[in-house]
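Coordinates from my_file14.cif are shown below (mmCIF, C-alpha atoms and all ligand atoms).
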```
data_start
loop_
_atom_site.label_atom_id
_atom_site.label_comp_id
_atom_site.auth_asym_id
_atom_site.auth_seq_id
_atom_site.Cartn_x
_atom_site.Cartn_y
_atom_site.Cartn_z
CA MET A 1382 -3.55 -72.78 47.71
CA ASN A 1383 -4.44 -69.72 49.77
CA ARG A 1384 -6.20 -68.20 46.85
CA GLN A 1385 -8.39 -71.32 46.82
CA LEU A 1386 -9.16 -70.80 50.47
CA HIS A 1387 -10.54 -67.39 49.58
CA ILE A 1388 -12.67 -68.31 46.62
CA GLY A 1389 -13.33 -71.97 47.45
CA LYS A 1390 -17.02 -72.85 47.58
CA LYS A 1391 -16.66 -74.47 50.96
CA HIS A 1392 -15.46 -71.32 52.73
CA PRO A 1393 -18.47 -70.59 54.96
CA SER A 1394 -18.02 -66.86 55.59
CA ARG A 1395 -17.50 -66.29 51.86
CA GLN A 1396 -20.73 -68.18 51.15
CA ASN A 1397 -22.67 -66.05 53.64
CA LEU A 1398 -21.26 -62.93 52.09
CA ALA A 1399 -22.31 -64.03 48.61
CA ALA A 1400 -25.82 -64.81 49.85
CA CYS A 1401 -26.00 -61.41 51.49
CA ASP A 1402 -24.76 -59.68 48.30
CA PHE A 1403 -27.43 -61.52 46.31
CA ARG A 1404 -30.20 -60.27 48.61
CA LEU A 1405 -28.86 -56.73 48.47
CA ALA A 1406 -28.66 -56.79 44.68
CA HIS A 1407 -32.46 -56.90 44.73
CA LEU A 1408 -32.59 -53.94 47.07
CA PHE A 1409 -30.13 -51.83 45.09
CA PRO A 1410 -30.52 -52.74 41.42
CA MET A 1411 -28.89 -49.68 39.89
CA THR A 1412 -26.08 -48.74 37.56
CA THR A 1413 -23.27 -46.83 39.22
CA CYS A 1414 -21.85 -44.04 37.03
CA VAL A 1415 -18.43 -42.51 37.61
CA LEU A 1416 -17.98 -38.86 36.58
CA PRO A 1417 -14.49 -37.32 36.35
CA ALA A 1418 -13.99 -34.25 38.55
CA HIS A 1419 -10.33 -33.35 38.12
CA ASP A 1420 -10.28 -29.80 36.72
CA ALA A 1421 -12.50 -26.74 37.18
CA SER A 1422 -14.84 -27.41 34.26
CA GLN A 1423 -15.27 -31.11 35.11
CA ILE A 1424 -15.89 -30.18 38.75
CA ALA A 1425 -18.58 -27.64 37.78
CA LEU A 1426 -20.39 -30.23 35.65
CA ALA A 1427 -20.03 -33.10 38.13
CA ALA A 1428 -21.05 -30.96 41.11
CA SER A 1429 -24.23 -29.76 39.45
CA GLU A 1430 -25.22 -33.34 38.50
CA ALA A 1431 -24.46 -34.54 42.05
CA ALA A 1432 -26.48 -31.69 43.59
CA ARG A 1433 -29.40 -32.47 41.26
CA LEU A 1434 -29.47 -36.07 42.52
CA LEU A 1435 -28.95 -35.09 46.17
CA ALA A 1436 -31.82 -32.58 46.00
CA LYS A 1437 -34.06 -35.48 44.88
CA GLY A 1438 -33.04 -37.51 47.95
CA GLU A 1439 -30.51 -39.73 46.13
CA ILE A 1440 -27.07 -40.60 47.54
CA VAL A 1441 -23.75 -39.83 45.84
CA ALA A 1442 -20.11 -40.70 46.62
CA LEU A 1443 -17.64 -37.84 46.45
CA PRO A 1444 -14.04 -37.11 47.42
CA THR A 1445 -12.83 -35.18 50.42
CA GLU A 1446 -9.19 -34.51 51.33
CA THR A 1447 -9.29 -37.39 53.87
CA VAL A 1448 -11.27 -40.29 52.30
CA TYR A 1449 -14.24 -40.60 49.91
CA GLY A 1450 -17.62 -39.94 51.52
CA LEU A 1451 -21.09 -41.27 50.75
CA GLY A 1452 -23.16 -38.09 50.76
CA CYS A 1453 -26.82 -37.21 51.12
CA ASP A 1454 -28.85 -34.11 51.95
CA ALA A 1455 -28.36 -33.96 55.74
CA LEU A 1456 -31.76 -32.31 56.20
CA ASN A 1457 -33.67 -35.08 54.38
CA PRO A 1458 -34.25 -38.04 56.76
CA ALA A 1459 -35.31 -40.41 53.93
CA ALA A 1460 -32.05 -39.71 52.07
CA VAL A 1461 -30.06 -40.29 55.27
CA ALA A 1462 -31.80 -43.66 55.68
CA ARG A 1463 -30.57 -44.63 52.19
CA VAL A 1464 -26.97 -43.98 53.26
CA PHE A 1465 -27.37 -46.28 56.28
CA ALA A 1466 -28.90 -48.96 54.03
CA ALA A 1467 -26.27 -48.77 51.27
CA LYS A 1468 -23.45 -49.04 53.82
CA GLU A 1469 -25.25 -51.63 55.98
CA ARG A 1470 -24.41 -49.32 58.83
CA PRO A 1471 -26.15 -49.82 62.20
CA SER A 1472 -28.54 -47.00 63.03
CA PHE A 1473 -26.75 -46.25 66.32
CA ASP A 1474 -23.63 -44.98 64.51
CA PRO A 1475 -24.16 -41.27 63.69
CA LEU A 1476 -22.98 -39.49 60.51
CA ILE A 1477 -20.67 -36.50 60.08
CA VAL A 1478 -22.36 -33.41 58.64
CA HIS A 1479 -20.30 -31.43 56.09
CA VAL A 1480 -20.91 -27.69 55.97
CA GLU A 1481 -19.77 -24.87 53.67
CA ASP A 1482 -18.01 -22.72 56.26
CA ALA A 1483 -17.78 -21.69 59.92
CA GLU A 1484 -20.95 -19.56 59.63
CA ASP A 1485 -22.88 -22.84 59.60
CA ILE A 1486 -21.80 -23.51 63.19
CA HIS A 1487 -24.41 -20.91 64.19
CA CYS A 1488 -27.10 -22.55 62.02
CA PHE A 1489 -26.65 -26.18 63.00
CA THR A 1490 -25.41 -26.13 66.62
CA THR A 1491 -26.46 -24.44 69.84
CA VAL A 1492 -22.92 -23.91 71.11
CA ARG A 1493 -22.52 -20.77 73.27
CA GLY A 1494 -20.12 -18.88 75.57
CA ASN A 1495 -16.55 -20.06 76.12
CA VAL A 1496 -17.07 -23.30 74.27
CA GLN A 1497 -18.24 -21.31 71.26
CA LYS A 1498 -15.13 -19.13 71.45
CA LEU A 1499 -12.91 -22.21 71.44
CA VAL A 1500 -14.90 -23.78 68.59
CA LEU A 1501 -14.55 -20.64 66.46
CA ARG A 1502 -10.81 -20.48 67.10
CA LEU A 1503 -10.44 -24.11 66.05
CA ALA A 1504 -12.53 -23.46 62.92
CA GLU A 1505 -10.43 -20.41 62.10
CA ASN A 1506 -7.25 -22.46 62.34
CA PHE A 1507 -8.23 -25.84 60.91
CA TRP A 1508 -11.23 -25.23 58.58
CA PRO A 1509 -11.56 -25.94 55.80
CA GLY A 1510 -9.62 -29.09 56.64
CA PRO A 1511 -9.57 -32.51 58.28
CA LEU A 1512 -11.02 -31.60 61.71
CA THR A 1513 -14.50 -32.71 62.84
CA MET A 1514 -16.04 -31.13 65.95
CA VAL A 1515 -18.78 -32.79 68.02
CA LEU A 1516 -21.10 -30.03 69.24
CA PRO A 1517 -24.62 -29.67 70.72
CA ALA A 1518 -26.99 -30.02 67.73
CA SER A 1519 -29.68 -27.56 66.74
CA GLU A 1520 -33.15 -28.92 66.01
CA ARG A 1521 -32.52 -28.50 62.27
CA ILE A 1522 -30.33 -31.63 62.29
CA PRO A 1523 -32.66 -34.64 61.96
CA ASP A 1524 -32.49 -37.32 64.66
CA ILE A 1525 -31.50 -40.03 62.18
CA VAL A 1526 -28.25 -38.20 61.25
CA ARG A 1527 -27.10 -38.11 64.86
CA SER A 1528 -28.57 -41.48 65.89
CA GLY A 1529 -30.71 -39.74 68.48
CA LEU A 1530 -27.72 -38.13 70.24
CA PRO A 1531 -28.02 -34.51 71.41
CA THR A 1532 -24.81 -33.70 69.50
CA VAL A 1533 -23.78 -33.40 65.85
CA ALA A 1534 -20.33 -33.95 64.30
CA LEU A 1535 -19.56 -30.98 61.97
CA ARG A 1536 -16.80 -30.84 59.42
CA CYS A 1537 -15.83 -28.37 56.68
CA SER A 1538 -13.86 -30.14 53.96
CA ALA A 1539 -11.21 -28.32 51.92
CA HIS A 1540 -11.78 -30.51 48.85
CA PRO A 1541 -12.93 -28.44 45.84
CA VAL A 1542 -15.41 -31.16 44.78
CA MET A 1543 -17.11 -31.35 48.19
CA GLN A 1544 -17.15 -27.54 48.37
CA ALA A 1545 -18.70 -27.23 44.89
CA VAL A 1546 -21.42 -29.79 45.65
CA LEU A 1547 -22.26 -28.04 48.94
CA LYS A 1548 -22.59 -24.70 47.14
CA ASN A 1549 -24.82 -26.20 44.43
CA LEU A 1550 -27.04 -28.01 46.92
CA GLY A 1551 -27.42 -25.20 49.45
CA HIS A 1552 -27.90 -27.74 52.28
CA PRO A 1553 -25.32 -29.48 54.49
CA ILE A 1554 -24.23 -32.96 53.35
CA ALA A 1555 -24.16 -35.91 55.75
CA ALA A 1556 -21.37 -38.21 54.61
CA PRO A 1557 -19.76 -41.19 56.29
CA SER A 1558 -16.81 -42.87 54.57
CA ALA A 1559 -17.99 -44.54 51.35
CA ASN A 1560 -17.26 -48.12 52.36
CA ARG A 1561 -19.48 -50.91 53.62
CA PHE A 1562 -19.68 -50.81 57.40
CA GLY A 1563 -16.54 -52.00 59.18
CA ARG A 1564 -14.38 -52.11 56.05
CA ILE A 1565 -11.38 -50.06 54.92
CA SER A 1566 -12.22 -46.46 53.93
CA PRO A 1567 -11.88 -45.72 50.19
CA VAL A 1568 -9.19 -43.27 49.10
CA ARG A 1569 -9.77 -43.57 45.33
CA ALA A 1570 -12.93 -43.64 43.23
CA GLU A 1571 -12.25 -47.24 42.20
CA HIS A 1572 -12.31 -48.31 45.88
CA VAL A 1573 -15.79 -46.79 46.18
CA VAL A 1574 -16.90 -48.78 43.13
CA GLU A 1575 -15.46 -51.96 44.73
CA GLU A 1576 -17.48 -51.26 47.88
CA LEU A 1577 -20.77 -49.87 46.59
CA GLU A 1578 -21.25 -50.69 42.91
CA GLY A 1579 -24.94 -51.28 42.16
CA ARG A 1580 -26.02 -49.58 45.38
CA ILE A 1581 -25.48 -45.93 44.45
CA PRO A 1582 -26.14 -44.00 41.22
CA LEU A 1583 -23.03 -41.80 41.08
CA VAL A 1584 -19.40 -41.53 42.15
CA LEU A 1585 -17.49 -38.30 41.53
CA ASP A 1586 -13.87 -39.17 40.75
CA GLY A 1587 -11.60 -36.44 42.10
CA GLY A 1588 -8.47 -38.65 42.13
CA PRO A 1589 -6.67 -39.98 45.22
CA CYS A 1590 -7.39 -38.33 48.60
CA CYS A 1591 -4.36 -36.39 49.79
CA HIS A 1592 -4.45 -37.29 53.52
CA GLY A 1593 -5.67 -40.87 53.12
CA LEU A 1594 -6.89 -41.12 56.75
CA GLU A 1595 -10.25 -40.03 58.14
CA SER A 1596 -10.57 -36.64 59.85
CA THR A 1597 -9.58 -36.03 63.45
CA ILE A 1598 -12.70 -35.97 65.67
CA VAL A 1599 -12.86 -33.93 68.89
CA ALA A 1600 -15.69 -33.28 71.29
CA VAL A 1601 -15.28 -29.67 72.42
CA GLU A 1602 -15.88 -29.16 76.15
CA ALA A 1603 -15.58 -26.05 78.32
CA GLN A 1604 -11.99 -26.61 79.36
CA CYS A 1605 -10.70 -29.32 77.10
CA LEU A 1606 -10.90 -31.26 73.86
CA VAL A 1607 -11.78 -34.94 73.97
CA LEU A 1608 -9.95 -36.71 71.15
CA LEU A 1609 -12.44 -39.29 69.86
CA ARG A 1610 -10.51 -40.26 66.72
CA PRO A 1611 -6.90 -39.27 65.98
CA GLY A 1612 -6.37 -38.06 62.41
CA PRO A 1613 -4.50 -35.62 60.18
CA VAL A 1614 -4.87 -32.73 62.67
CA THR A 1615 -2.55 -34.08 65.36
CA GLN A 1616 -2.88 -34.05 69.15
CA GLU A 1617 0.20 -31.80 69.26
CA GLN A 1618 -1.53 -29.24 66.99
CA LEU A 1619 -4.73 -29.32 69.08
CA GLU A 1620 -2.79 -28.83 72.32
CA GLN A 1621 -1.90 -25.32 71.13
CA PHE A 1622 -5.56 -24.41 71.78
CA ALA A 1623 -6.70 -26.46 74.81
CA PRO A 1624 -5.68 -29.49 76.87
CA VAL A 1625 -6.48 -32.72 75.03
CA ARG A 1626 -7.90 -35.86 76.67
CA ARG A 1627 -7.66 -39.07 74.67
CA VAL A 1628 -10.42 -41.70 74.91
CA ALA A 1629 -9.00 -45.23 74.80
CA VAL A 1630 -10.03 -47.55 71.94
CA GLY A 1631 -12.36 -50.27 73.17
CA GLY A 1632 -13.35 -48.20 76.19
CA ALA A 1633 -16.80 -46.67 76.59
CA VAL A 1634 -18.41 -46.45 73.14
CA PHE A 1635 -18.74 -42.68 73.29
CA ALA A 1636 -18.11 -42.19 69.58
CA PRO A 1637 -19.55 -45.32 68.04
CA GLY A 1638 -16.69 -45.35 65.49
CA MET A 1639 -14.42 -46.05 68.40
CA MET A 1640 -15.58 -49.64 68.24
CA LYS A 1641 -12.60 -51.91 68.30
CA SER A 1642 -13.27 -53.80 65.06
CA HIS A 1643 -13.24 -51.21 62.30
CA TYR A 1644 -11.36 -50.33 59.14
CA ALA A 1645 -10.66 -54.03 58.68
CA PRO A 1646 -9.51 -56.01 55.65
CA ARG A 1647 -11.15 -59.44 55.20
CA THR A 1648 -7.80 -61.16 55.74
CA PRO A 1649 -6.83 -61.44 59.45
CA LEU A 1650 -4.31 -58.74 60.34
CA TYR A 1651 -1.67 -58.95 63.09
CA ILE A 1652 0.66 -56.28 64.43
CA LEU A 1653 4.31 -57.32 64.47
CA ALA A 1654 6.94 -55.49 66.53
CA VAL A 1655 9.86 -54.36 64.38
CA GLY A 1656 12.75 -56.78 65.04
CA GLU A 1657 10.44 -59.68 65.97
CA CYS A 1658 11.46 -62.86 64.18
CA LEU A 1659 9.84 -64.10 60.98
CA PRO A 1660 6.42 -65.67 61.65
CA GLU A 1661 6.15 -69.39 60.75
CA ASP A 1662 3.55 -68.73 58.07
CA ALA A 1663 5.45 -65.84 56.43
CA VAL A 1664 5.61 -67.60 53.03
CA ARG A 1665 1.81 -67.57 52.88
CA SER A 1666 1.46 -64.09 54.42
CA GLY A 1667 1.74 -60.45 53.47
CA LEU A 1668 3.74 -57.75 55.24
CA LEU A 1669 2.98 -54.04 55.48
CA THR A 1670 6.03 -52.22 56.73
CA PHE A 1671 7.32 -48.68 57.07
CA GLY A 1672 10.80 -48.50 55.54
CA ASN A 1673 12.09 -51.78 57.07
CA GLU A 1674 13.74 -54.63 55.17
CA MET A 1675 12.32 -58.10 55.87
CA LYS A 1676 12.58 -61.05 53.50
CA GLY A 1677 10.50 -64.24 53.48
CA PHE A 1678 6.93 -62.93 52.98
CA ALA A 1679 4.77 -63.80 49.97
CA GLU A 1680 3.80 -60.14 49.44
CA VAL A 1681 5.35 -56.96 50.84
CA GLU A 1682 4.06 -53.38 50.84
CA ASN A 1683 6.85 -51.10 51.99
CA LEU A 1684 5.66 -47.56 52.80
CA SER A 1685 7.75 -44.61 53.93
CA ARG A 1686 9.02 -44.51 57.53
CA HIS A 1687 7.68 -40.93 57.66
CA PRO A 1688 3.99 -40.97 58.71
CA LEU A 1689 3.12 -37.99 56.51
CA GLU A 1690 4.39 -39.82 53.41
CA ALA A 1691 3.01 -43.22 54.47
CA ALA A 1692 -0.56 -42.19 55.41
CA PRO A 1693 -1.88 -41.38 51.89
CA HIS A 1694 -0.87 -44.91 50.74
CA LEU A 1695 -1.89 -46.91 53.83
CA PHE A 1696 -5.45 -47.95 52.93
CA ALA A 1697 -4.62 -48.68 49.27
CA ALA A 1698 -1.72 -50.92 50.41
CA LEU A 1699 -4.03 -52.77 52.83
CA ARG A 1700 -6.57 -53.30 50.04
CA ARG A 1701 -3.86 -54.71 47.73
CA LEU A 1702 -2.65 -57.13 50.40
CA ASP A 1703 -6.24 -58.13 51.15
CA ALA A 1704 -6.85 -58.88 47.46
CA SER A 1705 -3.55 -60.74 46.97
CA GLY A 1706 -4.80 -64.04 48.42
CA VAL A 1707 -2.40 -64.20 51.40
CA SER A 1708 -3.74 -66.00 54.47
CA ARG A 1709 -2.59 -63.36 56.99
CA ILE A 1710 -1.41 -59.77 56.91
CA TYR A 1711 1.36 -58.75 59.31
CA VAL A 1712 1.94 -55.05 59.94
CA HIS A 1713 5.00 -53.44 61.47
CA GLU A 1714 4.48 -50.70 64.05
CA ILE A 1715 5.31 -47.07 63.32
CA SER A 1716 6.25 -44.40 65.88
CA GLU A 1717 3.11 -42.87 67.43
CA SER A 1718 4.19 -39.25 67.34
CA GLY A 1719 2.33 -36.79 65.10
CA LEU A 1720 0.34 -38.54 62.40
CA GLY A 1721 1.81 -41.89 63.53
CA MET A 1722 -0.88 -41.91 66.27
CA ALA A 1723 -3.67 -41.97 63.69
CA ILE A 1724 -1.93 -44.67 61.63
CA MET A 1725 -1.48 -46.95 64.68
CA ASP A 1726 -5.09 -46.25 65.77
CA ARG A 1727 -6.42 -47.56 62.43
CA LEU A 1728 -4.06 -50.57 62.44
CA ARG A 1729 -5.00 -51.57 66.01
CA ARG A 1730 -8.69 -51.44 65.17
CA ALA A 1731 -8.10 -53.50 62.04
CA ALA A 1732 -6.05 -56.10 63.96
CA HIS A 1733 -7.33 -59.55 64.78
CA GLU A 1734 -7.78 -60.34 68.49
O1 LIG A 1801 -12.71 -37.85 57.13
C1 LIG A 1801 -13.84 -38.12 57.52
O2 LIG A 1801 -14.26 -37.81 58.63
C2 LIG A 1801 -14.75 -38.88 56.53
C3 LIG A 1801 -15.08 -37.94 55.39
C4 LIG A 1801 -15.99 -38.58 54.38
O3 LIG A 1801 -15.61 -36.76 55.88
N1 LIG A 1801 -15.92 -39.33 57.18
C5 LIG A 1801 -15.91 -40.35 58.07
O4 LIG A 1801 -17.19 -40.69 58.51
O5 LIG A 1801 -14.91 -40.91 58.43
P1 LIG A 1801 -17.49 -42.04 59.30
O6 LIG A 1801 -18.96 -42.10 59.43
O7 LIG A 1801 -16.84 -43.17 58.61
O8 LIG A 1801 -16.86 -41.78 60.69
C6 LIG A 1801 -17.44 -40.78 61.51
C7 LIG A 1801 -17.31 -41.12 62.93
C8 LIG A 1801 -18.12 -42.34 63.30
O9 LIG A 1801 -17.26 -43.18 64.02
C9 LIG A 1801 -19.21 -41.80 64.21
O10 LIG A 1801 -19.48 -42.72 65.23
C10 LIG A 1801 -18.60 -40.54 64.75
O11 LIG A 1801 -17.85 -40.03 63.68
N2 LIG A 1801 -19.64 -39.57 65.09
C11 LIG A 1801 -20.53 -38.98 64.27
N3 LIG A 1801 -21.37 -38.18 64.96
C12 LIG A 1801 -21.00 -38.25 66.25
C13 LIG A 1801 -21.47 -37.66 67.45
N4 LIG A 1801 -22.50 -36.84 67.47
N5 LIG A 1801 -20.84 -37.98 68.61
C14 LIG A 1801 -19.78 -38.81 68.60
N6 LIG A 1801 -19.29 -39.41 67.50
C15 LIG A 1801 -19.89 -39.14 66.34
MG MG A 1802 -16.02 -44.88 58.30
#
```

Before anything else, please render the file you have as structure tokens.
Ligand code: TXA
Ligand code: MG
Amino acid sequence: MNRQLHIGKKHPSRQNLAACDFRLAHLFPMTTCVLPAHDASQIALAASEAARLLAKGEIVALPTETVYGLGCDALNPAAVARVFAAKERPSFDPLIVHVEDAEDIHCFTTVRGNVQKLVLRLAENFWPGPLTMVLPASERIPDIVRSGLPTVALRCSAHPVMQAVLKNLGHPIAAPSANRFGRISPVRAEHVVEELEGRIPLVLDGGPCCHGLESTIVAVEAQCLVLLRPGPVTQEQLEQFAPVRRVAVGGAVFAPGMMKSHYAPRTPLYILAVGECLPEDAVRSGLLTFGNEMKGFAEVENLSRHPLEAAPHLFAALRRLDASGVSRIYVHEISESGLGMAIMDRLRRAAHE
């Protein structure tokens, strides 16, 4: 019955979506190829093909250690515009720029003095890795990448595929997560295909992403770090270097990705306190839980109670529940210490009002 609700012709939002997909099919009539990039020789081949396309201004999806990104040559404004179009991303939401190493901080930012010292220490400790730093941009970064802001978000990924493509291209790569705007980030190549098939020419398949949550984003200020998005580099780790100030979700839209509704499945999602009684519609609903037992739901995804073990599987579990035809998804809370903060951040943003 619920399945019918999802595919039934009378479901208005589904109809709008289909109409929208039809229009976009005319804008993006292309075949999407998937190239394996699992071992050194596959990576070399795939990276050179990706760089060839990127140098022509095409867009390519590729893995990072956090989630899959939709990459383009960051210094080519027309290529950047293609990324915004393929994702249906509003132009006010800037992209992260991926660089080869910390040397690029000098090329693409104007950071100086004590802030520069702090930035270099953070890079030394967390790069390559899942930390993105928002810094004053140099003129080399086109306006469209940073949505007209005076700053640029820089990240140096540890993934061998991203590193190989960067080396082949010789330019930084602007890459947001490779999902349509507002949806769940892809952590496997097949998720990218689900999201963007027909809109992009190539996906490099480097297997599942090991962190499974988007990078931590900090704005680096003279005396402190402003945590714009919690992620795999935890607040506790950052506090070893400078005091950390957290910006509340739904507050001032300082980082546009801090918008409340983000990372959302199509099925309405509700957060359920552990120990709360069974919701009335449990038999038609799905449950995502972290090591708890709870009977009575139509579908259950039970992840580890340890955030480090749960995080890599979180988005794939949400996608499975979303595709299962349940009418609601309930999610149990997990402790907010360490990586638990990033998990709860994503779940709160995905939650229905
Ligand atoms: O792990 C990640 O960071 C992945 C991989 C592909 O690198 N990328 C990613 O990109 O999550 P995206 O676009 O989905 O999220 C980047 C967030 C957006 O919310 C954007 O608003 C914010 O970074 N951002 C980018 N540039 C910014 C800037 N100059 N100031 C503040 N926020 C910025
Ligand atoms: Mg994203």

### Task
Write out as an NGL selection string each polymer residue (protein, DNA or RNA) that has an atom no more than 6 Å from ligand LIG 1801 (chain A), with all atoms listed in the file counted.
:A and (1447-1450 or 1474-1477 or 1515 or 1527 or 1532-1534 or 1556-1558 or 1595-1596 or 1636-1639)

### Task
For Ser1472 (chain A), please output as a list in words all residues within 8 Å (counting only C-alpha atoms; exclusion window: fewer than 5 positions along the same chain).
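Here the qualifying residues turn out to be Phe1465, Ile1525 and Ser1528 of chain A.
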
### Task
Kindly indicate which residue among A:Ile1715, A:Leu1699, A:Met1543, A:Val1526 lies nearest to Pro1509 (chain A), using only C-alpha atoms for the distances.
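Ranking A:Ile1715, A:Leu1699, A:Met1543, A:Val1526 by distance to Pro1509 (chain A), first place goes to A:Met1543.
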
Starting from 3 Å padding per side, set up an axis-aligned box that covers all listed atoms of region 1581-1588 of chain A and hand over centre and edge lengths in Å, one decimal, as AutoDock Vina command-line options.
```
--center_x -17.3 --center_y -41.2 --center_z 42.6 --size_x 23.7 --size_y 15.5 --size_z 9.7
```

### Message
List the spatial neighbours of Trp1508 (chain A) as a list in words - criterion: any atom at most 12 Å away, only C-alpha atoms, same-chain residues fewer than 6 positions off excluded.
### Response
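My list of contacting residues is Glu1446, His1479, Val1480, Glu1481, Asp1482, Ala1483, Glu1484, Asp1485, Ile1486, Val1500, Leu1501, Arg1502, Met1514, Leu1535, Arg1536, Cys1537, Ser1538, Ala1539, His1540, Ser1596, Thr1597 and Val1614 of chain A.
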
Give me a file of those residues, with C-alpha atoms, as a compact mmCIF listing (two decimals), in the coordinates of the input.
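Generated file (out.txt):
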```txt
# COMPACT_ATOMS: atom_id res chain seq x y z
CA GLU A 1446 -9.19 -34.51 51.33
CA HIS A 1479 -20.30 -31.43 56.09
CA VAL A 1480 -20.91 -27.69 55.97
CA GLU A 1481 -19.77 -24.87 53.67
CA ASP A 1482 -18.01 -22.72 56.26
CA ALA A 1483 -17.78 -21.69 59.92
CA GLU A 1484 -20.95 -19.56 59.63
CA ASP A 1485 -22.88 -22.84 59.60
CA ILE A 1486 -21.80 -23.51 63.19
CA VAL A 1500 -14.90 -23.78 68.59
CA LEU A 1501 -14.55 -20.64 66.46
CA ARG A 1502 -10.81 -20.48 67.10
CA MET A 1514 -16.04 -31.13 65.95
CA LEU A 1535 -19.56 -30.98 61.97
CA ARG A 1536 -16.80 -30.84 59.42
CA CYS A 1537 -15.83 -28.37 56.68
CA SER A 1538 -13.86 -30.14 53.96
CA ALA A 1539 -11.21 -28.32 51.92
CA HIS A 1540 -11.78 -30.51 48.85
CA SER A 1596 -10.57 -36.64 59.85
CA THR A 1597 -9.58 -36.03 63.45
CA VAL A 1614 -4.87 -32.73 62.67
```

### Query
Do you know which residues are at most 9 Å from Gly1721 (chain A) counting only C-alpha atoms, after dropping those on the same chain fewer than 6 positions away, and could you put them as a PyMOL selection string?
chain A and resi 1687-1689+1692+1715

### Query
Could you name the residues that touch Leu1499 (chain A) at 8 Å or less, counting all atoms listed in the file, but leaving out those on the same chain fewer than 4 positions away, as a ChimeraX atom specification?
/A:1495,1503,1601,1622

### Gap from CA of Ile1581 (chain A) to CA of Arg1569 (chain A) - Å, one decimal
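Interatomic distance, CA of Ile1581 (chain A) to CA of Arg1569 (chain A): 15.9 Å.
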
Residue contacts of Gln1604 (chain A) (8 Å, only C-alpha atoms) excluding same-chain residues fewer than 3 positions away, as a short mmCIF file (atom, residue, chain, number, x, y, z; two decimals) with C-alpha atoms, in the coordinates of the input:
```
data_model
loop_
_atom_site.label_atom_id
_atom_site.label_comp_id
_atom_site.auth_asym_id
_atom_site.auth_seq_id
_atom_site.Cartn_x
_atom_site.Cartn_y
_atom_site.Cartn_z
CA VAL A 1496 -17.07 -23.30 74.27
CA ALA A 1623 -6.70 -26.46 74.81
CA PRO A 1624 -5.68 -29.49 76.87
#
```

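For the set A:Gln1423, A:Val1607, A:Ala1460, A:Ala1645, the residue with the smallest atom-to-atom gap to ligand MG 1802 (chain A) is A:Ala1645, counting only C-alpha atoms and all ligand atoms.
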
### Task
Quick one: pull the distance between CA of Pro1589 (chain A) and CA of Ser1429 (chain A), Å, one decimal.
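Those two atoms sit 21.1 Å apart.
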
### Query
Hey, which of A:Met1725, A:Leu1451, A:Ala1663, A:Ile1554 ends up closest to ligand MG 1802 (chain A)? Count all atoms listed in the file.
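For ligand MG 1802 (chain A), the nearest of the given residues is A:Leu1451.
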
### Message
Using only C-alpha atoms, can you tell me which of A:His1572, A:Val1681, A:Leu1653, A:Gln1616 comes closest to Ala1697 (chain A)?
### Response
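Ranking A:His1572, A:Val1681, A:Leu1653, A:Gln1616 by distance to Ala1697 (chain A), first place goes to A:His1572.
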